[in-house]
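See below for the structure under consideration.
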Amino acid sequence: MPVTERRVSAVSAALAQDRLGVPSVVFFVISAAAPLTVIGGSVTAAYAATGVIGVPLAFILLGAILGLFAVGYVTMARYVVNAGAFYAYTAKGLGRPLGVATAWVALLAYNALQVGLYGMIGAAGEPLIADWFGSSPPWWVIGLVAWVLTGVLGLMRVDVNGKVLSVLLLTEIAIVVLFDIADLINPAASGYSLDVFNPSNLFVPGIGAVVAICIASFAGFESSVVFSEETKDPRRTVPIATYIALAVISGLYALSSWAMTVPVGSDKIVEATREQSSNLLFNLAGQHLGATIATLGAILFVTSLFAALIAFHNTISRYIFALGRERVLPAAFGRTSPRTGAPVNGSIAQSVIGLATIVIYAFFGLDPVIQLFFTVGSFGGLGLLMMLAATSLSVLAFFARNPATENAWRTRIAPAISSVLLFVVIVLVMLNFDTVLGVAPDSPLRWIMPAIYFVAAGFGVIWGLVLRASKPNVYANIGLGARAAVKGSE
Amino acid sequence: MGNDLFFVMHDNATGRMRLHARLTDLGLAAAILGELMLAGRITVGLAAGQVGLVVLDEAPPGDTVAGTALEHIVAEPSHRFRTWLHFLARTALADVAARMVDDGLLRPSGRRPSRRRVPVDVNVAAWPSGRVNLAIQRREPLNVQDRVLLGLLVATGGNQLVLWERNPSYLSGAIATLPASLQELIAQTEAAVGDAVISRRR
């Protein structure tokens with residue numbers, strides 16, 4: 001800075017007042033992870049659908065892998081416009097056609113993660129309504145109500161951020177911890193066991209399916225970098241917030257998924273979750289803490305699912321909006337509602353996808369918890385893993401071509417290790433996709449479903465190449481998101 | 001020109017904001033920068049890969065709102081264009097409204113700190129959007145100020161609410177004939193609006 005500007009900048013001071021510190025960013029990120037949804041829903045579904053009891057260990061290992069991934073991720077984020085979107089990284093690191101491929105995979109994966117929640121919210125609402133009114137409408141009616149609310153709030157650009165979310169999130173975490181304590185001080189006759197942390201209980205057939213649903217439980221942690229522009233000191237705040245959020249999330253999930261097995265017995269947990277499904281967590285709480293707290297927990301479960309529905313809906317709407325701004329998707333998707341500032345067409349598109357899913361599952365009478373939430377959610381988890389692996393490779397490629405002042409740990413070692421580990425994890429998931437789908441090992445579906453991602457990626461690469469040939473100025477904007485208007489200039 | 005944009009962004013009779021608050025803030029911030037550019041005080045410059053502002057003439061432009069902005073820019077010329085938009089957006093609405101009250105275009109807000117700023121004369125308030133709409137209808141060219149006004153309206157999405165006709169070729173033609181610095185202003189505003197949509201706050 002020239003001498004004349006070394007006095008305190010009035011502009012910087014004014015803008016700094018609006019800026020976020022580490023705690024706020026950590027909070028936003030954790031809220032993306034929806035603790036009760038995961039522990040009440042994903043964990044019980046994981047035990048039930050896969051029969052694998054190493055779920056707590058899976059959370060710890062995945063948390064560690066994501067931590068390694070995050071090192072390279074937050075480092076490259078400083079060089080990437082539109083930092084919250086994985087496709088911006090792959091566009092910069094591996095080339096724009098692969099960037100478009102990543103965008104298509106992202107749309108598939110995030111939508112899968114979102115629509116899966118409609119199944120769980122229906123299943124979570126049924127027992128509550130039945131309790132209060134004697135009987136309950138089928139899951140898909142509840143799902144449709146949630147769909148309407150999500151769509152309306154999405155169009156109004158109501159984000160579940162801010163004070164309401166903070167209160168909900170803190171209460172959620174408090175309830176989870178309370179349930180954990182209650183479970184831990186009431187062991188089953190078989191006593192305490194740390195079985196579930198034993199690798200021999202994780203590295204069994206079916207591990208891939210557990211991994212897929214567990215990684216889906218972390219979805220949203222990548223949003224920490226979105227706050228770079230709004231933090232006081234992005235170089236410090238964003239990395240620290242990311243690591244803290246990952247540690248808290250994985251620690252809480254691991255602790256809670258273990259605590260759930262203590263009153264039941266690790267040998268009986270699979271059976272118990274198969275009988276009681278997502279109600280298990282609240283039935284246990286009812287036994288040890290009384291009906292009132294259990295009901296409160298069940299209500300917070302529904303609100304947690306709802307918050308997650310809205311969060312994913314908004315993420316996807318904004319993704320579609322950014323792609324529309326780049327003209328990679330038709331420009332109409334880049335339109336906003338001037339009255340609400342909402343990405344309207346993106347929001348509508350996502351709502352259509354949600355509605356179609358609910359209708360199809362309702363029409364064919366498919367199970368909302370295992371076949372919608374678990375299977376489709378795991379499918380989304382696989383896509384997330386692919387994006388993580390591609391981004392990790394992009395970090396390596398980018399810094400290989402653009403040696404920066406960042407150190408080797410951040411630009412070469414950590415991304416290399418995480419790339420390898422993520423590839424291993426992806427292979428595990430694909431080998432176990434029959435368990436994810438609940439089909440026989442020789443069913444063709446187990447290869448068809450993952451192949452969908454490869455097909456989408458292939459179309460993405462082709463579309464990218466077509467753009468390069470026919471619309472070079474659009475091609476040049478790939479990965480820039482809203483900044484495409486100014487060609488990504490800073 | 002900021003006054004004109006203000007009128008276009010608010011209902012002529014009731015004074016209620018037509019747009020989301022953040023979009024109004026950004027649009028008016030851009031309008032203030034636009035006024036300075038039209039007055040030849042600043043222009044767009046590229047320094048170290050960043051788009052920023054370059055001061056051409058430090059003489060006060062004779063208007064307090066634009067003048068204060070110019071003072072800030074003269075004092076701290078190294079900020080990015082985007083930073084200027086965000087900084088000015090914090091107070092643009094209030095500043096422009098206060099200026100218009102002083103000029104007798106808006107009624108003072110009185111005791112109630114309401115969000116409405118009621119125009120003194122509905123016809124005066126309706127004139128900017130009327131003249132732009134008529135020009136589009138008749139396919140007549142607009143002057144530089146009005147073209148910038150139109151560009152900022154499009155960048156903030158307000159065109160969907162205010163313009164009678166959809167005529168994308170007229171709109172892009174009007175903007176394309178502007179000097180490069182004003183086109184950059186409009187592009188930066190559009191990018192800032194996009195960022196605001198994507199951002200999780202407000």
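Identifiers for the structure tokens are assigned positionally: chains receive A, B, ... in sequence, residues are indexed from 1 per chain, and ligands are indexed from 1 in the order shown.
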Exercise for the section: Give the residues of chain A that lie within 8 Å of chain B; count only C-alpha atoms, and format the answer as a list of chain:residue names. Expected result: A:Glu5, A:Ser9, A:Val11, A:Ala14, A:Leu15, A:Asp159, A:Asn161, A:Val226, A:Arg318, A:Ala322, A:Arg325, A:Arg335, A:Thr336, A:Ser337, A:Pro338, A:Arg339, A:Thr340, A:Gly341, A:Ala342, A:Pro343, A:Ala482, A:Arg483, A:Ala484, A:Ala485, A:Val486, A:Ser489, A:Glu490
Keeping only N, CA and C atoms, write the selected residues as a short mmCIF file (atom, residue, chain, number, x, y, z; two decimals), in the first residue's frame.
```
data_model
loop_
_atom_site.label_atom_id
_atom_site.label_comp_id
_atom_site.auth_asym_id
_atom_site.auth_seq_id
_atom_site.Cartn_x
_atom_site.Cartn_y
_atom_site.Cartn_z
N GLU A 5 -1.83 5.75 2.08
CA GLU A 5 -3.01 5.00 2.49
C GLU A 5 -2.78 4.16 3.73
N SER A 9 -8.12 2.58 6.61
CA SER A 9 -9.00 2.83 5.47
C SER A 9 -10.44 2.91 5.96
N VAL A 11 -13.02 2.87 4.18
CA VAL A 11 -13.82 1.91 3.42
C VAL A 11 -13.72 0.52 4.06
N ALA A 14 -15.50 0.33 7.36
CA ALA A 14 -16.96 0.29 7.22
C ALA A 14 -17.41 -1.11 6.81
N LEU A 15 -16.72 -1.70 5.85
CA LEU A 15 -17.14 -3.02 5.39
C LEU A 15 -16.87 -4.09 6.43
N ASP A 159 -33.87 -17.89 3.58
CA ASP A 159 -32.82 -18.83 3.91
C ASP A 159 -32.95 -19.21 5.37
N ASN A 161 -31.14 -19.28 7.66
CA ASN A 161 -29.94 -18.81 8.35
C ASN A 161 -30.36 -17.79 9.36
N VAL A 226 -17.54 -20.29 0.75
CA VAL A 226 -18.44 -19.29 0.19
C VAL A 226 -18.37 -18.01 0.99
N ARG A 318 -29.14 -22.03 -6.41
CA ARG A 318 -28.05 -21.11 -6.68
C ARG A 318 -27.04 -21.70 -7.66
N ALA A 322 -26.05 -19.95 -11.03
CA ALA A 322 -24.68 -19.62 -11.43
C ALA A 322 -24.39 -20.18 -12.83
N ARG A 325 -25.98 -17.97 -15.28
CA ARG A 325 -25.23 -16.72 -15.47
C ARG A 325 -24.05 -16.95 -16.40
N ARG A 335 -31.87 -15.92 -14.25
CA ARG A 335 -32.74 -14.80 -13.93
C ARG A 335 -33.08 -14.78 -12.45
N THR A 336 -33.23 -13.58 -11.92
CA THR A 336 -33.66 -13.45 -10.53
C THR A 336 -35.03 -12.81 -10.49
N SER A 337 -35.69 -12.99 -9.37
CA SER A 337 -36.89 -12.22 -9.13
C SER A 337 -36.46 -10.91 -8.51
N PRO A 338 -36.70 -9.79 -9.15
CA PRO A 338 -36.22 -8.54 -8.58
C PRO A 338 -36.89 -8.22 -7.25
N ARG A 339 -38.07 -8.74 -7.04
CA ARG A 339 -38.75 -8.43 -5.77
C ARG A 339 -38.14 -9.16 -4.58
N THR A 340 -37.71 -10.39 -4.81
CA THR A 340 -37.22 -11.19 -3.68
C THR A 340 -35.73 -11.46 -3.75
N GLY A 341 -35.11 -11.18 -4.90
CA GLY A 341 -33.70 -11.51 -5.04
C GLY A 341 -33.47 -13.02 -5.14
N ALA A 342 -34.52 -13.78 -5.43
CA ALA A 342 -34.38 -15.23 -5.48
C ALA A 342 -34.04 -15.71 -6.89
N PRO A 343 -33.28 -16.79 -7.00
CA PRO A 343 -33.00 -17.37 -8.32
C PRO A 343 -34.20 -18.20 -8.76
N ALA A 482 -21.44 -16.11 -11.04
CA ALA A 482 -22.00 -14.76 -11.19
C ALA A 482 -20.96 -13.80 -11.75
N ARG A 483 -19.69 -14.14 -11.56
CA ARG A 483 -18.62 -13.25 -12.03
C ARG A 483 -18.44 -13.33 -13.52
N ALA A 484 -19.22 -14.20 -14.18
CA ALA A 484 -19.09 -14.31 -15.64
C ALA A 484 -19.39 -12.98 -16.29
N ALA A 485 -20.22 -12.16 -15.61
CA ALA A 485 -20.58 -10.87 -16.20
C ALA A 485 -19.36 -9.99 -16.42
N VAL A 486 -18.35 -10.15 -15.54
CA VAL A 486 -17.16 -9.32 -15.69
C VAL A 486 -15.96 -10.19 -16.03
N SER A 489 -12.98 -11.01 -13.58
CA SER A 489 -11.96 -10.09 -13.09
C SER A 489 -12.22 -9.79 -11.63
N GLU A 490 -11.18 -9.46 -10.91
CA GLU A 490 -11.34 -9.24 -9.49
C GLU A 490 -11.67 -7.78 -9.27
#
```
Practice task
Pick out the residues sitting within 12 Å of B:Thr64, and hand them over as a PyMOL selection string; count only C-alpha atoms, and ignore anything fewer than 2 positions along from it in its own chain.
Solution key: chain B and resi 32+35-36+60-62+66-71+95-96+98-100+102-103
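Take atom CA of B:Asp57 and atom CA of B:Ala39: the distance between them is 9.3 Å.
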Exercise for the section: Mind listing the strand (DSSP E or B) residues of chain B, per DSSP on the backbone, as a list in words? Expected result: His10, Met17, Ile42, Thr43, Val44, Gly45, Leu46, Ala47, Gln50, Val51, Gly52, Leu53, Val54, Val55, Arg80, Leu106 and Pro119 of chain B
Could you save the residues just selected, with N, CA and C atoms, as a PDB file, in the first residue's frame?
```
ATOM      1  N   HIS B  10     -38.920   2.764  -7.376  1.00  0.00           N
ATOM      2  CA  HIS B  10     -39.958   2.856  -6.355  1.00  0.00           C
ATOM      3  C   HIS B  10     -41.290   3.126  -7.022  1.00  0.00           C
ATOM      4  N   MET B  17     -40.680   0.327  -2.241  1.00  0.00           N
ATOM      5  CA  MET B  17     -39.618  -0.241  -3.066  1.00  0.00           C
ATOM      6  C   MET B  17     -40.165  -1.345  -3.944  1.00  0.00           C
ATOM      7  N   ILE B  42     -14.236  10.234 -12.688  1.00  0.00           N
ATOM      8  CA  ILE B  42     -13.542   8.953 -12.535  1.00  0.00           C
ATOM      9  C   ILE B  42     -13.771   8.110 -13.774  1.00  0.00           C
ATOM     10  N   THR B  43     -12.931   7.088 -13.911  1.00  0.00           N
ATOM     11  CA  THR B  43     -13.181   6.097 -14.944  1.00  0.00           C
ATOM     12  C   THR B  43     -12.683   4.755 -14.444  1.00  0.00           C
ATOM     13  N   VAL B  44     -12.917   3.721 -15.234  1.00  0.00           N
ATOM     14  CA  VAL B  44     -12.504   2.377 -14.848  1.00  0.00           C
ATOM     15  C   VAL B  44     -11.057   2.172 -15.248  1.00  0.00           C
ATOM     16  N   GLY B  45     -10.305   1.502 -14.391  1.00  0.00           N
ATOM     17  CA  GLY B  45      -8.922   1.213 -14.718  1.00  0.00           C
ATOM     18  C   GLY B  45      -8.545  -0.180 -14.264  1.00  0.00           C
ATOM     19  N   LEU B  46      -7.546  -0.722 -14.892  1.00  0.00           N
ATOM     20  CA  LEU B  46      -7.062  -2.060 -14.549  1.00  0.00           C
ATOM     21  C   LEU B  46      -5.693  -1.917 -13.922  1.00  0.00           C
ATOM     22  N   ALA B  47      -5.551  -2.419 -12.699  1.00  0.00           N
ATOM     23  CA  ALA B  47      -4.250  -2.333 -12.033  1.00  0.00           C
ATOM     24  C   ALA B  47      -3.970  -3.658 -11.354  1.00  0.00           C
ATOM     25  N   GLN B  50      -6.621  -6.308 -11.278  1.00  0.00           N
ATOM     26  CA  GLN B  50      -7.884  -5.994 -10.613  1.00  0.00           C
ATOM     27  C   GLN B  50      -8.537  -4.797 -11.288  1.00  0.00           C
ATOM     28  N   VAL B  51      -9.849  -4.881 -11.412  1.00  0.00           N
ATOM     29  CA  VAL B  51     -10.579  -3.745 -11.969  1.00  0.00           C
ATOM     30  C   VAL B  51     -10.856  -2.767 -10.842  1.00  0.00           C
ATOM     31  N   GLY B  52     -10.460  -1.530 -11.037  1.00  0.00           N
ATOM     32  CA  GLY B  52     -10.682  -0.516 -10.013  1.00  0.00           C
ATOM     33  C   GLY B  52     -11.084   0.795 -10.643  1.00  0.00           C
ATOM     34  N   LEU B  53     -11.019   1.847  -9.852  1.00  0.00           N
ATOM     35  CA  LEU B  53     -11.395   3.169 -10.333  1.00  0.00           C
ATOM     36  C   LEU B  53     -10.155   4.042 -10.453  1.00  0.00           C
ATOM     37  N   VAL B  54     -10.158   4.906 -11.450  1.00  0.00           N
ATOM     38  CA  VAL B  54      -9.074   5.857 -11.659  1.00  0.00           C
ATOM     39  C   VAL B  54      -9.666   7.255 -11.594  1.00  0.00           C
ATOM     40  N   VAL B  55      -9.053   8.109 -10.796  1.00  0.00           N
ATOM     41  CA  VAL B  55      -9.565   9.473 -10.657  1.00  0.00           C
ATOM     42  C   VAL B  55      -9.017  10.323 -11.795  1.00  0.00           C
ATOM     43  N   ARG B  80     -10.796  -2.351  -5.114  1.00  0.00           N
ATOM     44  CA  ARG B  80     -11.401  -2.941  -6.304  1.00  0.00           C
ATOM     45  C   ARG B  80     -12.737  -2.288  -6.582  1.00  0.00           C
ATOM     46  N   LEU B 106     -38.856  14.453  -3.010  1.00  0.00           N
ATOM     47  CA  LEU B 106     -39.514  13.476  -2.146  1.00  0.00           C
ATOM     48  C   LEU B 106     -40.030  14.203  -0.918  1.00  0.00           C
ATOM     49  N   PRO B 119     -43.062  10.307  -3.315  1.00  0.00           N
ATOM     50  CA  PRO B 119     -42.726  11.419  -4.214  1.00  0.00           C
ATOM     51  C   PRO B 119     -43.650  12.602  -4.002  1.00  0.00           C
TER      52      PRO B 119
END
```
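The nearest approach to B:Leu152 among the residues B:Gln183, B:Val120, B:Val74, B:Arg107, with only C-alpha atoms taken into account, belongs to B:Gln183.
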Problem - Surrounding residues of stretch 461-478 of chain A excluding itself and chain neighbours under 6 positions, 12 Å, only C-alpha atoms, as a ChimeraX atom specification - result: /A:80-82,85,87-92,94-105,322-331,454-455,484-489
Selection from above, N, CA and C atoms, as a short mmCIF file (atom, residue, chain, number, x, y, z; two decimals), in the first residue's frame, can you write it?
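Final output, saved to selection22.cif:
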```
data_model
loop_
_atom_site.label_atom_id
_atom_site.label_comp_id
_atom_site.auth_asym_id
_atom_site.auth_seq_id
_atom_site.Cartn_x
_atom_site.Cartn_y
_atom_site.Cartn_z
N VAL A 80 -9.81 -19.21 -6.69
CA VAL A 80 -10.98 -19.58 -7.48
C VAL A 80 -12.11 -18.60 -7.25
N VAL A 81 -12.65 -18.09 -8.34
CA VAL A 81 -13.88 -17.32 -8.26
C VAL A 81 -15.01 -18.34 -8.12
N ASN A 82 -16.12 -17.98 -7.53
CA ASN A 82 -17.23 -18.94 -7.38
C ASN A 82 -16.77 -20.14 -6.56
N ALA A 85 -18.41 -23.86 -5.34
CA ALA A 85 -18.85 -24.88 -6.28
C ALA A 85 -17.67 -25.70 -6.74
N TYR A 87 -17.28 -27.47 -9.24
CA TYR A 87 -16.98 -27.45 -10.67
C TYR A 87 -16.07 -26.29 -11.04
N ALA A 88 -16.08 -25.24 -10.21
CA ALA A 88 -15.15 -24.14 -10.48
C ALA A 88 -13.71 -24.61 -10.30
N TYR A 89 -13.49 -25.50 -9.35
CA TYR A 89 -12.14 -26.01 -9.12
C TYR A 89 -11.71 -26.93 -10.25
N THR A 90 -12.59 -27.83 -10.65
CA THR A 90 -12.20 -28.75 -11.71
C THR A 90 -12.04 -28.01 -13.03
N ALA A 91 -12.84 -26.96 -13.23
CA ALA A 91 -12.68 -26.19 -14.47
C ALA A 91 -11.29 -25.56 -14.50
N LYS A 92 -10.85 -25.06 -13.36
CA LYS A 92 -9.55 -24.40 -13.30
C LYS A 92 -8.41 -25.40 -13.31
N LEU A 94 -8.54 -28.99 -14.04
CA LEU A 94 -8.51 -30.09 -15.01
C LEU A 94 -9.05 -29.69 -16.37
N GLY A 95 -9.42 -28.44 -16.53
CA GLY A 95 -9.93 -28.02 -17.82
C GLY A 95 -11.43 -27.85 -17.82
N ARG A 96 -11.88 -26.96 -18.67
CA ARG A 96 -13.29 -26.58 -18.63
C ARG A 96 -14.27 -27.69 -19.01
N PRO A 97 -13.95 -28.54 -19.99
CA PRO A 97 -14.90 -29.63 -20.27
C PRO A 97 -15.16 -30.49 -19.02
N LEU A 98 -14.11 -30.80 -18.29
CA LEU A 98 -14.32 -31.57 -17.06
C LEU A 98 -15.03 -30.72 -16.01
N GLY A 99 -14.88 -29.41 -16.10
CA GLY A 99 -15.63 -28.54 -15.21
C GLY A 99 -17.12 -28.70 -15.45
N VAL A 100 -17.52 -28.68 -16.71
CA VAL A 100 -18.94 -28.87 -17.03
C VAL A 100 -19.40 -30.24 -16.57
N ALA A 101 -18.55 -31.26 -16.77
CA ALA A 101 -18.90 -32.61 -16.32
C ALA A 101 -19.16 -32.62 -14.83
N THR A 102 -18.30 -31.94 -14.07
CA THR A 102 -18.48 -31.88 -12.62
C THR A 102 -19.79 -31.18 -12.27
N ALA A 103 -20.14 -30.15 -13.04
CA ALA A 103 -21.39 -29.44 -12.75
C ALA A 103 -22.59 -30.36 -12.92
N TRP A 104 -22.59 -31.18 -13.96
CA TRP A 104 -23.71 -32.11 -14.14
C TRP A 104 -23.75 -33.13 -12.99
N VAL A 105 -22.60 -33.65 -12.63
CA VAL A 105 -22.55 -34.61 -11.51
C VAL A 105 -23.07 -33.93 -10.25
N ALA A 322 -26.05 -19.95 -11.03
CA ALA A 322 -24.68 -19.62 -11.43
C ALA A 322 -24.39 -20.18 -12.83
N LEU A 323 -24.85 -21.42 -13.09
CA LEU A 323 -24.63 -22.01 -14.41
C LEU A 323 -25.38 -21.22 -15.47
N GLY A 324 -26.55 -20.68 -15.10
CA GLY A 324 -27.30 -19.86 -16.04
C GLY A 324 -26.58 -18.56 -16.32
N ARG A 325 -25.98 -17.97 -15.28
CA ARG A 325 -25.23 -16.72 -15.47
C ARG A 325 -24.05 -16.95 -16.40
N GLU A 326 -23.48 -18.14 -16.34
CA GLU A 326 -22.35 -18.45 -17.21
C GLU A 326 -22.81 -18.80 -18.61
N ARG A 327 -24.10 -18.98 -18.78
CA ARG A 327 -24.69 -19.45 -20.04
C ARG A 327 -24.30 -20.90 -20.35
N VAL A 328 -23.82 -21.64 -19.35
CA VAL A 328 -23.60 -23.07 -19.57
C VAL A 328 -24.94 -23.79 -19.56
N LEU A 329 -25.84 -23.32 -18.70
CA LEU A 329 -27.25 -23.67 -18.82
C LEU A 329 -27.93 -22.49 -19.52
N PRO A 330 -29.13 -22.70 -20.08
CA PRO A 330 -29.79 -21.57 -20.72
C PRO A 330 -29.87 -20.35 -19.81
N ALA A 331 -29.71 -19.18 -20.42
CA ALA A 331 -29.62 -17.94 -19.64
C ALA A 331 -30.83 -17.71 -18.77
N PHE A 454 -21.23 -41.49 -14.68
CA PHE A 454 -20.26 -41.44 -15.76
C PHE A 454 -20.89 -40.96 -17.05
N VAL A 455 -22.12 -41.38 -17.27
CA VAL A 455 -22.83 -40.90 -18.46
C VAL A 455 -23.01 -39.40 -18.38
N ALA A 484 -19.22 -14.20 -14.18
CA ALA A 484 -19.09 -14.31 -15.64
C ALA A 484 -19.39 -12.98 -16.29
N ALA A 485 -20.22 -12.16 -15.61
CA ALA A 485 -20.58 -10.87 -16.20
C ALA A 485 -19.36 -9.99 -16.42
N VAL A 486 -18.35 -10.15 -15.54
CA VAL A 486 -17.16 -9.32 -15.69
C VAL A 486 -15.96 -10.19 -16.03
N LYS A 487 -16.23 -11.34 -16.65
CA LYS A 487 -15.16 -12.23 -17.11
C LYS A 487 -14.22 -12.61 -15.96
N GLY A 488 -14.78 -12.73 -14.76
CA GLY A 488 -13.99 -13.22 -13.64
C GLY A 488 -12.94 -12.27 -13.13
N SER A 489 -12.98 -11.01 -13.58
CA SER A 489 -11.96 -10.09 -13.09
C SER A 489 -12.22 -9.79 -11.63
#
```
Practice task
Run DSSP on the backbone of this structure and report the residues of stretch 166-285 of chain A it assigns to alpha helix (DSSP H), as a PyMOL selection string.
Solution key: chain A and resi 166-184+207-216+234-264+269-276+280-285
Handout entry: Near-A:Ile426 list (10 Å; only C-alpha atoms; drop same-chain fewer than 2 positions) as a list in words
Key = Gly208, Val211, Ala212, Gly381, Leu382, Gly383, Leu384, Leu385, Met386, Ala389, Val420, Leu421, Leu422, Phe423, Val424, Leu428, Val429, Met430, Leu431 and Asn432 of chain A
